[in-house]
file protein.pdb (PDB, C-alpha atoms, pLDDT in the B column)
MODEL        1
ATOM      1  CA  MET A 288       4.715   6.108 -11.400  1.00 80.00           C
ATOM      2  CA  ALA A 289       3.149   8.871  -9.327  1.00 89.00           C
ATOM      3  CA  LYS A 290       5.482  11.256  -7.526  1.00 87.00           C
ATOM      4  CA  VAL A 291       5.052  12.629  -4.020  1.00 88.00           C
ATOM      5  CA  ASN A 292       6.707  15.738  -2.601  1.00 90.00           C
ATOM      6  CA  ILE A 293       7.441  15.753   1.125  1.00 90.00           C
ATOM      7  CA  ALA A 294       9.360  18.052   3.448  1.00 93.00           C
ATOM      8  CA  LEU A 295      12.020  16.536   5.709  1.00 93.00           C
ATOM      9  CA  ASP A 296      14.531  17.974   8.153  1.00 95.00           C
ATOM     10  CA  ALA A 297      17.723  18.930   6.296  1.00 95.00           C
ATOM     11  CA  GLU A 298      19.983  17.371   8.947  1.00 96.00           C
ATOM     12  CA  LEU A 299      18.143  14.073   8.543  1.00 94.00           C
ATOM     13  CA  ILE A 300      18.596  14.139   4.777  1.00 94.00           C
ATOM     14  CA  VAL A 301      22.294  15.019   5.039  1.00 96.00           C
ATOM     15  CA  GLU A 302      22.818  12.099   7.432  1.00 95.00           C
ATOM     16  CA  VAL A 303      21.041   9.731   5.041  1.00 93.00           C
ATOM     17  CA  MET A 304      23.160  11.003   2.159  1.00 94.00           C
ATOM     18  CA  VAL A 305      26.393  10.492   4.121  1.00 96.00           C
ATOM     19  CA  LEU A 306      25.441   7.023   5.384  1.00 93.00           C
ATOM     20  CA  ALA A 307      24.226   5.890   1.961  1.00 92.00           C
ATOM     21  CA  GLY A 308      27.109   7.518   0.109  1.00 94.00           C
ATOM     22  CA  ILE A 309      24.688   9.155  -2.310  1.00 95.00           C
ATOM     23  CA  GLY A 310      25.121  12.768  -3.378  1.00 96.00           C
ATOM     24  CA  ASN A 311      21.542  13.484  -4.455  1.00 95.00           C
ATOM     25  CA  PRO A 312      19.040  13.944  -1.594  1.00 94.00           C
ATOM     26  CA  GLN A 313      16.115  12.483  -3.517  1.00 92.00           C
ATOM     27  CA  ASP A 314      18.107   9.409  -4.556  1.00 94.00           C
ATOM     28  CA  ALA A 315      19.331   8.884  -0.987  1.00 94.00           C
ATOM     29  CA  VAL A 316      15.829   8.958   0.483  1.00 92.00           C
ATOM     30  CA  GLU A 317      14.516   6.725  -2.307  1.00 92.00           C
ATOM     31  CA  ALA A 318      17.280   4.189  -1.602  1.00 93.00           C
ATOM     32  CA  VAL A 319      16.385   4.105   2.101  1.00 91.00           C
ATOM     33  CA  VAL A 320      12.681   3.637   1.369  1.00 91.00           C
ATOM     34  CA  ARG A 321      13.372   0.878  -1.163  1.00 92.00           C
ATOM     35  CA  ASP A 322      15.663  -0.893   1.313  1.00 91.00           C
ATOM     36  CA  TYR A 323      13.025  -0.634   4.039  1.00 91.00           C
ATOM     37  CA  ILE A 324      10.402  -2.189   1.760  1.00 91.00           C
ATOM     38  CA  ALA A 325      12.755  -4.968   0.611  1.00 89.00           C
ATOM     39  CA  ARG A 326      13.635  -5.770   4.221  1.00 88.00           C
ATOM     40  CA  GLY A 327       9.929  -6.051   5.030  1.00 83.00           C
ATOM     41  CA  HIS A 328       9.420  -8.475   2.147  1.00 74.00           C
ATOM     42  CA  ARG A 329      12.368 -10.606   3.317  1.00 74.00           C
ATOM     43  CA  THR A 330      10.950 -10.686   6.844  1.00 73.00           C
ATOM     44  CA  GLU A 331       7.524 -11.708   5.546  1.00 69.00           C
ATOM     45  CA  ALA A 332       9.070 -14.488   3.455  1.00 68.00           C
ATOM     46  CA  ARG A 333      10.980 -15.857   6.448  1.00 67.00           C
ATOM     47  CA  ALA A 334       7.939 -15.683   8.723  1.00 66.00           C
ATOM     48  CA  VAL A 335       5.733 -17.436   6.186  1.00 62.00           C
ATOM     49  CA  SER A 336       8.226 -20.252   5.615  1.00 59.00           C
ATOM     50  CA  ARG A 337       8.629 -20.849   9.380  1.00 58.00           C
ATOM     51  CA  ASP A 338       4.868 -20.759   9.953  1.00 60.00           C
ATOM     52  CA  GLU A 339       4.309 -23.173   7.088  1.00 63.00           C
ATOM     53  CA  ALA A 340       6.725 -25.701   8.573  1.00 60.00           C
ATOM     54  CA  GLU A 341       5.034 -25.463  11.966  1.00 61.00           C
ATOM     55  CA  ARG A 342       1.601 -25.825  10.399  1.00 64.00           C
ATOM     56  CA  THR A 343       2.594 -28.915   8.431  1.00 64.00           C
ATOM     57  CA  GLY A 344       4.471 -30.479  11.343  1.00 63.00           C
ATOM     58  CA  GLY A 345       7.940 -30.023   9.863  1.00 60.00           C
ATOM     59  CA  ILE A 346      10.858 -29.431  12.185  1.00 61.00           C
ATOM     60  CA  VAL A 347      12.300 -25.948  11.926  1.00 59.00           C
ATOM     61  CA  PRO A 348      15.988 -25.601  12.834  1.00 64.00           C
ATOM     62  CA  PRO A 349      16.878 -22.627  15.031  1.00 67.00           C
ATOM     63  CA  GLU A 350      17.801 -19.444  13.214  1.00 72.00           C
ATOM     64  CA  PRO A 351      21.458 -18.362  13.453  1.00 75.00           C
ATOM     65  CA  PRO A 352      22.023 -15.087  15.303  1.00 75.00           C
ATOM     66  CA  GLN A 353      21.717 -12.022  13.084  1.00 74.00           C
ATOM     67  CA  GLY A 354      24.109  -9.150  13.176  1.00 61.00           C
TER      68      GLY A 354
ENDMDL
END
call {"tool": "encode", "arguments": {"input": "protein.pdb", "output": "structure tokens"}}
result
Amino acid sequence: MAKVNIALDAELIVEVMVLAGIGNPQDAVEAVVRDYIARGHRTEARAVSRDEAERTGGIVPPEPPQG
């Protein structure tokens, strides 16, 4: 896999490390990026399944509140 080097604000990285509980800055940022991508895939999957039911005339129950 190709690697990319980027520069980020140190305070931002320290906050990510603390919130993620990860001691290595690179690992902490990688974990956040991977989580962001996974969340996007989950959102796409939910949107597709709801759209499919509407397209085919199926009844879609309301979503429970998130959070």
call {"tool": "atom_distance", "arguments": {"input": "protein.pdb", "atom1": "atom CA of Val291 of chain A", "atom2": "atom CA of Gly327 of chain A"}}
result
21.3 Å
call {"tool": "atom_distance", "arguments": {"input": "protein.pdb", "atom1": "atom CA of Pro312 of chain A", "atom2": "atom CA of Leu295 of chain A"}}
result
10.5 Å
call {"tool": "resolve_selection", "arguments": {"input": "protein.pdb", "expression": "the PyMOL selection byres ((chain A and resi 303) around 12)", "output": "list in words"}}
result
Leu295, Asp296, Ala297, Glu298, Leu299, Ile300, Val301, Glu302, Met304, Val305, Leu306, Ala307, Gly308, Ile309, Gly310, Asn311, Pro312, Gln313, Asp314, Ala315, Val316, Glu317, Ala318, Val319 and Val320 of chain A
